[in-house]
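What follows is upload_32.txt (compact mmCIF, C-alpha atoms).
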# COMPACT_ATOMS: atom_id res chain seq x y z
CA MET A 1 135.87 6.23 282.03
CA PHE A 2 137.89 3.04 281.55
CA PHE A 3 140.64 4.41 283.71
CA SER A 4 138.26 4.80 286.60
CA LEU A 5 137.31 1.14 286.14
CA ALA A 6 140.91 0.10 286.27
CA ALA A 7 142.39 2.15 289.08
CA VAL A 8 143.66 -0.02 291.89
CA GLU A 9 144.01 1.27 295.41
CA VAL A 10 146.47 -0.74 297.45
CA GLY A 11 146.48 0.16 301.11
CA ALA A 12 143.40 2.39 300.98
CA HIS A 13 140.60 1.14 303.21
CA LEU A 14 137.16 2.17 304.32
CA TYR A 15 137.72 2.36 308.06
CA TRP A 16 134.91 1.58 310.46
CA GLU A 17 135.23 1.97 314.21
CA ILE A 18 133.24 -0.62 316.12
CA GLY A 19 133.62 -0.57 319.89
CA GLY A 20 137.16 0.79 319.88
CA LEU A 21 138.29 -1.58 317.12
CA VAL A 22 139.14 -0.28 313.67
CA VAL A 23 138.02 -2.65 310.94
CA HIS A 24 138.27 -2.54 307.17
CA GLY A 25 134.68 -1.90 306.11
CA GLN A 26 134.95 -3.01 302.48
CA VAL A 27 136.32 -6.40 303.55
CA MET A 28 133.52 -6.87 306.07
CA LEU A 29 130.85 -5.99 303.48
CA ILE A 30 132.05 -8.49 300.90
CA THR A 31 132.65 -11.15 303.57
CA TRP A 32 129.02 -10.84 304.65
CA LEU A 33 127.95 -11.06 301.03
CA VAL A 34 129.99 -14.25 300.58
CA LEU A 35 128.44 -15.73 303.73
CA ALA A 36 124.96 -14.76 302.53
CA ILE A 37 125.51 -16.39 299.13
CA ILE A 38 126.81 -19.65 300.57
CA LEU A 39 124.09 -19.80 303.24
CA THR A 40 121.30 -19.06 300.77
CA LEU A 41 122.53 -21.73 298.38
CA ALA A 42 122.87 -24.26 301.19
CA ILE A 43 119.45 -23.54 302.70
CA LEU A 44 117.67 -23.49 299.35
CA GLY A 45 119.35 -26.69 298.28
CA THR A 46 118.71 -28.66 301.45
CA SER A 47 115.23 -27.44 302.45
CA LYS A 48 113.34 -29.98 300.32
CA LEU A 49 115.47 -33.12 300.28
CA GLU A 50 114.47 -35.78 297.80
CA GLN A 51 115.51 -39.37 297.38
CA VAL A 52 116.49 -38.74 293.76
CA PRO A 53 118.34 -35.40 293.80
CA LYS A 54 117.86 -32.92 291.01
CA GLY A 55 118.75 -29.31 290.35
CA LEU A 56 120.33 -27.45 293.23
CA GLN A 57 120.39 -30.44 295.57
CA ASN A 58 122.29 -32.42 292.94
CA PHE A 59 124.81 -29.60 292.59
CA LEU A 60 125.28 -29.32 296.35
CA GLU A 61 125.82 -33.06 296.65
CA ALA A 62 128.51 -32.87 293.98
CA VAL A 63 130.14 -29.99 295.90
CA TYR A 64 130.00 -31.99 299.14
CA GLU A 65 131.58 -35.00 297.46
CA TYR A 66 134.37 -32.87 296.02
CA VAL A 67 135.07 -31.19 299.36
CA SER A 68 135.00 -34.39 301.37
CA GLY A 69 137.28 -35.90 298.74
CA ILE A 70 139.88 -33.23 299.54
CA ALA A 71 139.69 -34.07 303.25
CA LYS A 72 139.69 -37.82 302.61
CA ASP A 73 142.75 -37.70 300.35
CA GLN A 74 144.85 -35.85 302.91
CA ILE A 75 143.57 -36.97 306.33
CA GLY A 76 142.78 -40.59 305.56
CA GLU A 77 139.74 -42.84 305.57
CA TYR A 78 139.41 -43.21 309.36
CA HIS A 79 139.77 -39.66 310.64
CA TYR A 80 138.53 -37.42 307.86
CA ARG A 81 134.84 -37.21 308.76
CA PRO A 82 134.95 -34.66 311.61
CA TRP A 83 137.23 -32.43 309.53
CA VAL A 84 135.05 -32.24 306.42
CA PRO A 85 133.13 -29.17 307.71
CA PHE A 86 136.30 -27.22 308.44
CA VAL A 87 138.09 -28.04 305.19
CA GLY A 88 134.87 -27.55 303.24
CA THR A 89 134.24 -24.18 304.81
CA LEU A 90 137.74 -23.03 303.95
CA PHE A 91 137.37 -24.18 300.36
CA LEU A 92 133.91 -22.73 299.79
CA PHE A 93 134.62 -19.42 301.50
CA ILE A 94 137.87 -18.81 299.63
CA PHE A 95 136.44 -19.99 296.33
CA VAL A 96 133.31 -17.85 296.47
CA ALA A 97 135.27 -14.86 297.78
CA ASN A 98 137.87 -15.06 295.00
CA TRP A 99 135.32 -15.47 292.25
CA LEU A 100 133.13 -12.73 293.64
CA GLY A 101 136.10 -10.38 293.58
CA ALA A 102 137.05 -11.36 290.04
CA LEU A 103 133.61 -11.57 288.39
CA VAL A 104 131.67 -8.61 289.77
CA PRO A 105 132.68 -5.11 288.57
CA TRP A 106 132.86 -3.65 292.07
CA LYS A 107 134.39 -0.42 290.82
CA LEU A 108 130.92 0.73 289.74
CA ILE A 109 130.00 1.08 293.41
CA LYS A 110 131.69 4.14 294.85
CA LEU A 111 132.98 4.17 298.40
CA GLU A 112 134.37 7.11 300.35
CA GLU A 113 137.76 5.46 300.52
CA GLY A 114 139.15 2.16 299.32
CA GLU A 115 137.32 -0.12 296.93
CA LEU A 116 135.21 -3.22 297.12
CA ALA A 117 137.17 -6.33 296.12
CA ALA A 118 137.66 -9.94 297.12
CA PRO A 119 138.02 -10.13 300.92
CA THR A 120 141.02 -12.41 300.43
CA ASN A 121 143.07 -9.53 299.01
CA ASP A 122 143.29 -8.14 302.55
CA ILE A 123 146.05 -9.79 304.55
CA ASN A 124 143.93 -9.73 307.72
CA THR A 125 141.43 -12.18 306.21
CA THR A 126 144.07 -14.63 305.05
CA VAL A 127 146.01 -14.45 308.32
CA ALA A 128 142.78 -15.19 310.22
CA LEU A 129 142.09 -18.20 308.02
CA SER A 130 145.61 -19.57 308.39
CA LEU A 131 145.67 -19.05 312.17
CA LEU A 132 142.40 -21.01 312.34
CA THR A 133 144.20 -23.75 310.44
CA SER A 134 147.09 -23.70 312.94
CA ILE A 135 144.73 -23.91 315.90
CA SER A 136 142.83 -26.78 314.36
CA TYR A 137 145.87 -28.89 313.62
CA PHE A 138 147.12 -28.42 317.16
CA TYR A 139 143.65 -29.38 318.41
CA ALA A 140 143.56 -32.43 316.15
CA GLY A 141 146.98 -33.56 317.32
CA PHE A 142 146.22 -33.10 321.03
CA LYS A 143 142.86 -34.83 320.71
CA GLU A 144 144.37 -37.80 318.95
CA LYS A 145 147.60 -38.31 320.87
CA GLY A 146 147.46 -36.16 324.01
CA LEU A 147 150.90 -35.08 325.18
CA GLY A 148 152.48 -37.60 322.83
CA PHE A 149 151.82 -34.95 320.19
CA PHE A 150 155.04 -33.22 321.28
CA ALA A 151 157.05 -36.26 320.23
CA ARG A 152 156.88 -34.99 316.68
CA TYR A 153 159.11 -32.05 317.57
CA ILE A 154 161.99 -34.40 318.11
CA SER A 155 160.94 -36.81 315.41
CA PRO A 156 163.73 -38.13 313.46
CA THR A 157 166.33 -36.86 315.99
CA PRO A 158 166.39 -34.11 318.66
CA ILE A 159 168.70 -32.10 316.41
CA PHE A 160 165.63 -31.17 314.34
CA LEU A 161 163.94 -29.47 317.30
CA PRO A 162 164.54 -25.85 316.18
CA ILE A 163 163.47 -26.61 312.62
CA ASN A 164 160.32 -28.35 313.78
CA ILE A 165 159.41 -25.42 316.02
CA LEU A 166 160.11 -22.99 313.20
CA GLU A 167 157.79 -25.00 310.97
CA ASP A 168 154.83 -24.17 313.21
CA PHE A 169 155.42 -20.49 312.46
CA SER A 170 156.24 -20.84 308.80
CA LYS A 171 153.10 -22.85 308.04
CA PRO A 172 150.54 -20.09 308.75
CA LEU A 173 152.93 -17.49 307.33
CA SER A 174 153.25 -19.24 303.99
CA LEU A 175 149.55 -20.13 303.84
CA SER A 176 148.44 -16.55 304.38
CA PHE A 177 151.06 -14.95 302.12
CA ARG A 178 150.32 -17.39 299.30
CA LEU A 179 146.60 -16.63 299.20
CA PHE A 180 146.99 -12.89 299.77
CA GLY A 181 149.76 -12.51 297.20
CA ASN A 182 148.00 -14.50 294.52
CA ILE A 183 144.72 -12.64 294.76
CA LEU A 184 146.31 -9.21 295.02
CA ALA A 185 148.69 -10.03 292.14
CA ASP A 186 145.76 -11.01 289.93
CA GLU A 187 143.97 -7.77 290.63
CA ILE A 188 147.08 -5.67 290.07
CA VAL A 189 147.92 -7.42 286.79
CA VAL A 190 144.36 -6.94 285.52
CA SER A 191 144.29 -3.28 286.49
CA VAL A 192 147.72 -2.55 285.01
CA LEU A 193 146.67 -4.17 281.72
CA CYS A 194 143.40 -2.21 281.80
CA LEU A 195 145.47 0.92 282.22
CA LEU A 196 147.59 0.10 279.16
CA VAL A 197 144.92 -1.39 276.84
CA PRO A 198 141.41 -0.90 278.19
CA LEU A 199 139.63 -3.19 275.69
CA PHE A 200 139.71 -6.96 275.12
CA ILE A 201 143.39 -7.51 275.97
CA PRO A 202 142.79 -7.94 279.73
CA LEU A 203 140.09 -10.58 279.12
CA PRO A 204 142.40 -13.64 278.85
CA VAL A 205 144.26 -12.45 281.92
CA MET A 206 140.96 -12.19 283.79
CA VAL A 207 140.13 -15.77 282.79
CA LEU A 208 143.57 -16.84 283.97
CA GLY A 209 142.86 -15.02 287.23
CA LEU A 210 139.60 -16.94 287.68
CA PHE A 211 141.45 -20.21 287.13
CA ALA A 212 144.32 -19.26 289.44
CA SER A 213 141.98 -18.17 292.21
CA SER A 214 140.06 -21.45 292.13
CA VAL A 215 143.37 -23.32 292.25
CA GLN A 216 144.35 -21.22 295.26
CA ALA A 217 141.15 -22.21 297.06
CA LEU A 218 141.99 -25.85 296.34
CA VAL A 219 145.60 -25.38 297.49
CA PHE A 220 144.62 -23.67 300.73
CA SER A 221 142.09 -26.34 301.71
CA THR A 222 144.37 -29.19 300.60
CA LEU A 223 147.23 -27.82 302.68
CA ALA A 224 145.01 -27.26 305.71
CA ALA A 225 143.81 -30.86 305.43
CA ALA A 226 147.39 -32.07 304.95
CA TYR A 227 148.56 -30.29 308.11
CA ILE A 228 145.69 -31.75 310.09
CA GLY A 229 146.37 -35.21 308.69
CA GLU A 230 150.08 -34.86 309.47
CA SER A 231 149.43 -34.08 313.13
CA ILE A 232 146.91 -36.92 313.49
CA GLU A 233 149.12 -39.60 311.96
CA MET B 1 160.20 10.57 301.32
CA ASN B 2 163.98 10.57 301.18
CA PRO B 3 164.86 10.16 297.45
CA ILE B 4 167.63 7.66 298.15
CA ILE B 5 165.24 5.47 300.14
CA SER B 6 162.58 5.60 297.42
CA ALA B 7 165.11 4.80 294.68
CA ALA B 8 166.53 1.92 296.68
CA SER B 9 163.02 0.61 297.40
CA VAL B 10 162.06 0.59 293.74
CA ILE B 11 165.27 -1.20 292.75
CA ALA B 12 164.83 -3.68 295.58
CA ALA B 13 161.22 -4.36 294.56
CA GLY B 14 162.32 -5.12 291.01
CA LEU B 15 165.13 -7.36 292.22
CA ALA B 16 162.83 -9.17 294.63
CA ILE B 17 160.44 -10.18 291.85
CA GLY B 18 163.15 -10.93 289.32
CA LEU B 19 165.31 -13.05 291.59
CA SER B 20 162.39 -14.91 293.13
CA ALA B 21 161.15 -15.82 289.64
CA ILE B 22 164.36 -17.69 288.73
CA GLY B 23 164.08 -20.70 291.00
CA PRO B 24 160.36 -21.44 290.58
CA GLY B 25 160.80 -20.97 286.81
CA ILE B 26 163.37 -23.72 286.65
CA GLY B 27 161.35 -25.89 289.01
CA GLN B 28 158.11 -25.49 287.10
CA GLY B 29 159.89 -26.30 283.86
CA THR B 30 161.27 -29.51 285.33
CA ALA B 31 157.90 -30.49 286.76
CA ALA B 32 156.08 -29.84 283.48
CA ALA B 33 158.72 -31.78 281.54
CA GLN B 34 158.35 -34.77 283.83
CA ALA B 35 154.57 -34.58 283.56
CA VAL B 36 154.75 -34.60 279.77
CA GLU B 37 157.09 -37.57 279.93
CA GLY B 38 154.68 -39.39 282.20
CA LEU B 39 151.80 -38.56 279.83
CA ALA B 40 153.71 -39.91 276.85
CA ARG B 41 154.41 -43.12 278.70
CA GLN B 42 150.94 -43.52 280.21
CA PRO B 43 148.29 -41.44 278.41
CA GLU B 44 145.45 -43.04 280.41
CA ALA B 45 146.69 -41.41 283.63
CA GLU B 46 146.04 -37.94 282.23
CA GLY B 47 143.53 -36.76 284.82
CA LYS B 48 145.64 -37.72 287.80
CA ILE B 49 148.83 -36.29 286.31
CA ARG B 50 147.11 -33.02 285.47
CA GLY B 51 145.70 -32.62 288.97
CA THR B 52 149.02 -33.32 290.66
CA LEU B 53 150.90 -31.09 288.21
CA LEU B 54 148.57 -28.14 288.77
CA LEU B 55 148.78 -28.49 292.53
CA SER B 56 152.58 -28.66 292.54
CA LEU B 57 152.81 -25.77 290.08
CA ALA B 58 150.71 -23.71 292.49
CA PHE B 59 153.15 -24.52 295.29
CA MET B 60 156.13 -23.41 293.22
CA GLU B 61 154.23 -20.35 292.10
CA SER B 62 153.81 -19.35 295.71
CA LEU B 63 157.59 -18.86 296.06
CA THR B 64 157.42 -16.11 293.46
CA ILE B 65 154.39 -14.75 295.23
CA TYR B 66 156.45 -14.34 298.42
CA GLY B 67 158.83 -12.18 296.41
CA LEU B 68 155.84 -10.26 295.10
CA VAL B 69 154.55 -9.67 298.63
CA VAL B 70 157.95 -8.27 299.63
CA ALA B 71 157.95 -6.04 296.55
CA LEU B 72 154.43 -4.83 297.30
CA CYS B 73 155.44 -4.05 300.89
CA LEU B 74 158.39 -2.01 299.61
CA LEU B 75 156.24 -0.12 297.10
CA PHE B 76 152.98 0.48 298.95
CA ALA B 77 153.68 -0.02 302.66
CA ASN B 78 157.33 0.91 302.97
CA PRO B 79 158.34 0.76 306.64
CA PHE B 80 161.31 3.09 306.05
CA ALA B 81 159.34 5.84 304.36
CA GLY B 82 159.26 7.80 307.63
Just give me the structure of the file as structure tokens.
Amino acid sequence: MFFSLAAVEVGAHLYWEIGGLVVHGQVMLITWLVLAIILTLAILGTSKLEQVPKGLQNFLEAVYEYVSGIAKDQIGEYHYRPWVPFVGTLFLFIFVANWLGALVPWKLIKLEEGELAAPTNDINTTVALSLLTSISYFYAGFKEKGLGFFARYISPTPIFLPINILEDFSKPLSLSFRLFGNILADEIVVSVLCLLVPLFIPLPVMVLGLFASSVQALVFSTLAAAYIGESIE
Amino acid sequence: MNPIISAASVIAAGLAIGLSAIGPGIGQGTAAAQAVEGLARQPEAEGKIRGTLLLSLAFMESLTIYGLVVALCLLFANPFAG
């Protein structure tokens, strides 16, 4: 029985065909669940606003302060406000997705193929998130400086032109690989340990996985904010 | 699958992880050592040092993770499997 809890299926997906597109069903399901959780919390916490916050509203205000602190540290006092929603969405989505994948024993729910897990252990999700980051730092740069944005490609000297162009490709690549690799590695380590010793031994590794996945959410949003701040400066 | 290709893939996956763990290992050691030194000199800056250390450790960790992604590609999604 423990072995069935531990088995990991890399590369097996529940395929759905929607209008000629093939999507990974298990990723979509958990993504919707993550969205539902965040939306429910946000709506419940902000429906009855009080002057002196308590309970859920207090918690949400702390979350907002944390998230806007990430944006403020990287983008700077003057420009950070319009970017708080984007950076905050990245942080909250990745954080809730990672923890949902690590905390809930999804293996108990049987699918025809593939298994339910954190949506961030599918490379498509992380590539989408990092491409969004790329688009938004280009947008931020163009909005702030117009065509002067291109001056950064030849910024210390024109010799750096190829490296600067390459950087635009390596940024989303490294962002997406980092998140994908970390989450998948956590799941594989936990399942391999479960295979070797099914009881108690994997617990510390699971706790380490929880910690690592929250750090990854922080790293992803910090880097996204840093890229945006870099192109605004 | 061609046995030579599968053997080479497994060896390459092991090498990818092992080699990509060397550099970040040294780097993380240096970073942690410097952080401890900073803590010994200025214990009141603990919170800030810890935050910065964890963030930079995560960056170094990601280099190993790139190796891991390559290894996973070789093991589970080998493009040469045919």
Inset, instruction - Pull out every residue of chain A that has at least one atom within 10 Å of chain B, counting all atoms listed in the file, and report them as a PyMOL selection string. - result: chain A and resi 9-12+174-175+177-185+212+215-216+218-219+222
Legend entry - Which of A:Leu14, A:Leu39, A:Val192, A:Ile228 sits closest to Lys143 (chain A) [using all atoms listed in the file]: A:Ile228
Legend entry - Selection: 10 Å around region 145-148 of chain A, all atoms listed in the file, excl. self and same-chain fewer than 3 positions, as a list in words: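 Here the answer would be Tyr139, Ala140, Gly141, Phe142, Ala151, Arg152, Ser231, Ile232 and Glu233 of chain A.
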Inset, instruction - Record the distance separating CA of Phe93 (chain A) and CA of Arg50 (chain B), expressed in Å with one decimal. - result: 24.5 Å
Inset, instruction - Compare A:Thr126, A:Thr40, A:Ser155, A:Ser136 by their minimum atom-to-atom distance to Val87 (chain A), counting all atoms listed in the file, and give me the closest one. - result: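 Closest candidate: A:Ser136.
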Inset, instruction - Name the closest residue to Gly88 (chain A) among the candidates A:Leu44, A:Ile37, A:Val127, A:Ala224; distances are taken between atoms, counting all atoms listed in the file. - result: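 When distances to Gly88 (chain A) are compared using all atoms listed in the file, the smallest one comes from A:Ala224.
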Inset, instruction - Provide the CA of Ser221 (chain A) to CA of Val22 (chain A) distance in Å, to one decimal place. - result: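 About the pair CA of Ser221 (chain A) and CA of Val22 (chain A): they are 28.8 Å apart.
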Legend entry - Long-range neighbours of Leu74 (chain B) as number ranges by chain, 12 Å cut-off, only C-alpha atoms, 2 positions minimum in chain: B: 5-17, 67-72, 76-81
Legend entry - For CA of Ser68 (chain A) and CA of Leu90 (chain A), the interatomic separation in Å (one decimal):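 So the answer is 12.0 Å.
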Box time for region 28-32 of chain B: axis-aligned, enclosing all its listed atoms, 6 Å extra on each side; report centre and edge lengths in Å to one decimal, as AutoDock Vina command-line options.
--center_x 158.7 --center_y -28.0 --center_z 285.3 --size_x 17.2 --size_y 17.0 --size_z 15.6
May I ask you to restore N, CA and C atoms in region 207-220 of chain A and write the result as a compact mmCIF listing (two decimals), keeping the file's coordinate frame?
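Result written to selection-v4.txt:
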# COMPACT_ATOMS: atom_id res chain seq x y z
N VAL A 207 140.47 -14.35 282.75
CA VAL A 207 140.13 -15.77 282.79
C VAL A 207 141.20 -16.55 283.53
N LEU A 208 142.47 -16.20 283.25
CA LEU A 208 143.57 -16.84 283.97
C LEU A 208 143.45 -16.58 285.46
N GLY A 209 143.03 -15.35 285.82
CA GLY A 209 142.86 -15.02 287.23
C GLY A 209 141.78 -15.87 287.88
N LEU A 210 140.67 -16.08 287.16
CA LEU A 210 139.60 -16.94 287.68
C LEU A 210 140.14 -18.34 287.96
N PHE A 211 140.89 -18.87 286.97
CA PHE A 211 141.45 -20.21 287.13
C PHE A 211 142.40 -20.25 288.30
N ALA A 212 143.32 -19.26 288.37
CA ALA A 212 144.32 -19.26 289.44
C ALA A 212 143.65 -19.14 290.80
N SER A 213 142.57 -18.34 290.88
CA SER A 213 141.98 -18.17 292.21
C SER A 213 141.24 -19.42 292.64
N SER A 214 140.68 -20.19 291.69
CA SER A 214 140.06 -21.45 292.13
C SER A 214 141.12 -22.45 292.54
N VAL A 215 142.29 -22.43 291.84
CA VAL A 215 143.37 -23.32 292.25
C VAL A 215 143.86 -22.94 293.64
N GLN A 216 143.89 -21.62 293.93
CA GLN A 216 144.35 -21.22 295.26
C GLN A 216 143.40 -21.70 296.36
N ALA A 217 142.09 -21.68 296.07
CA ALA A 217 141.15 -22.21 297.06
C ALA A 217 141.43 -23.68 297.30
N LEU A 218 141.68 -24.41 296.21
CA LEU A 218 141.99 -25.85 296.34
C LEU A 218 143.28 -26.04 297.12
N VAL A 219 144.31 -25.22 296.82
CA VAL A 219 145.60 -25.38 297.49
C VAL A 219 145.47 -25.10 298.97
N PHE A 220 144.75 -24.02 299.31
CA PHE A 220 144.62 -23.67 300.73
C PHE A 220 143.93 -24.80 301.50
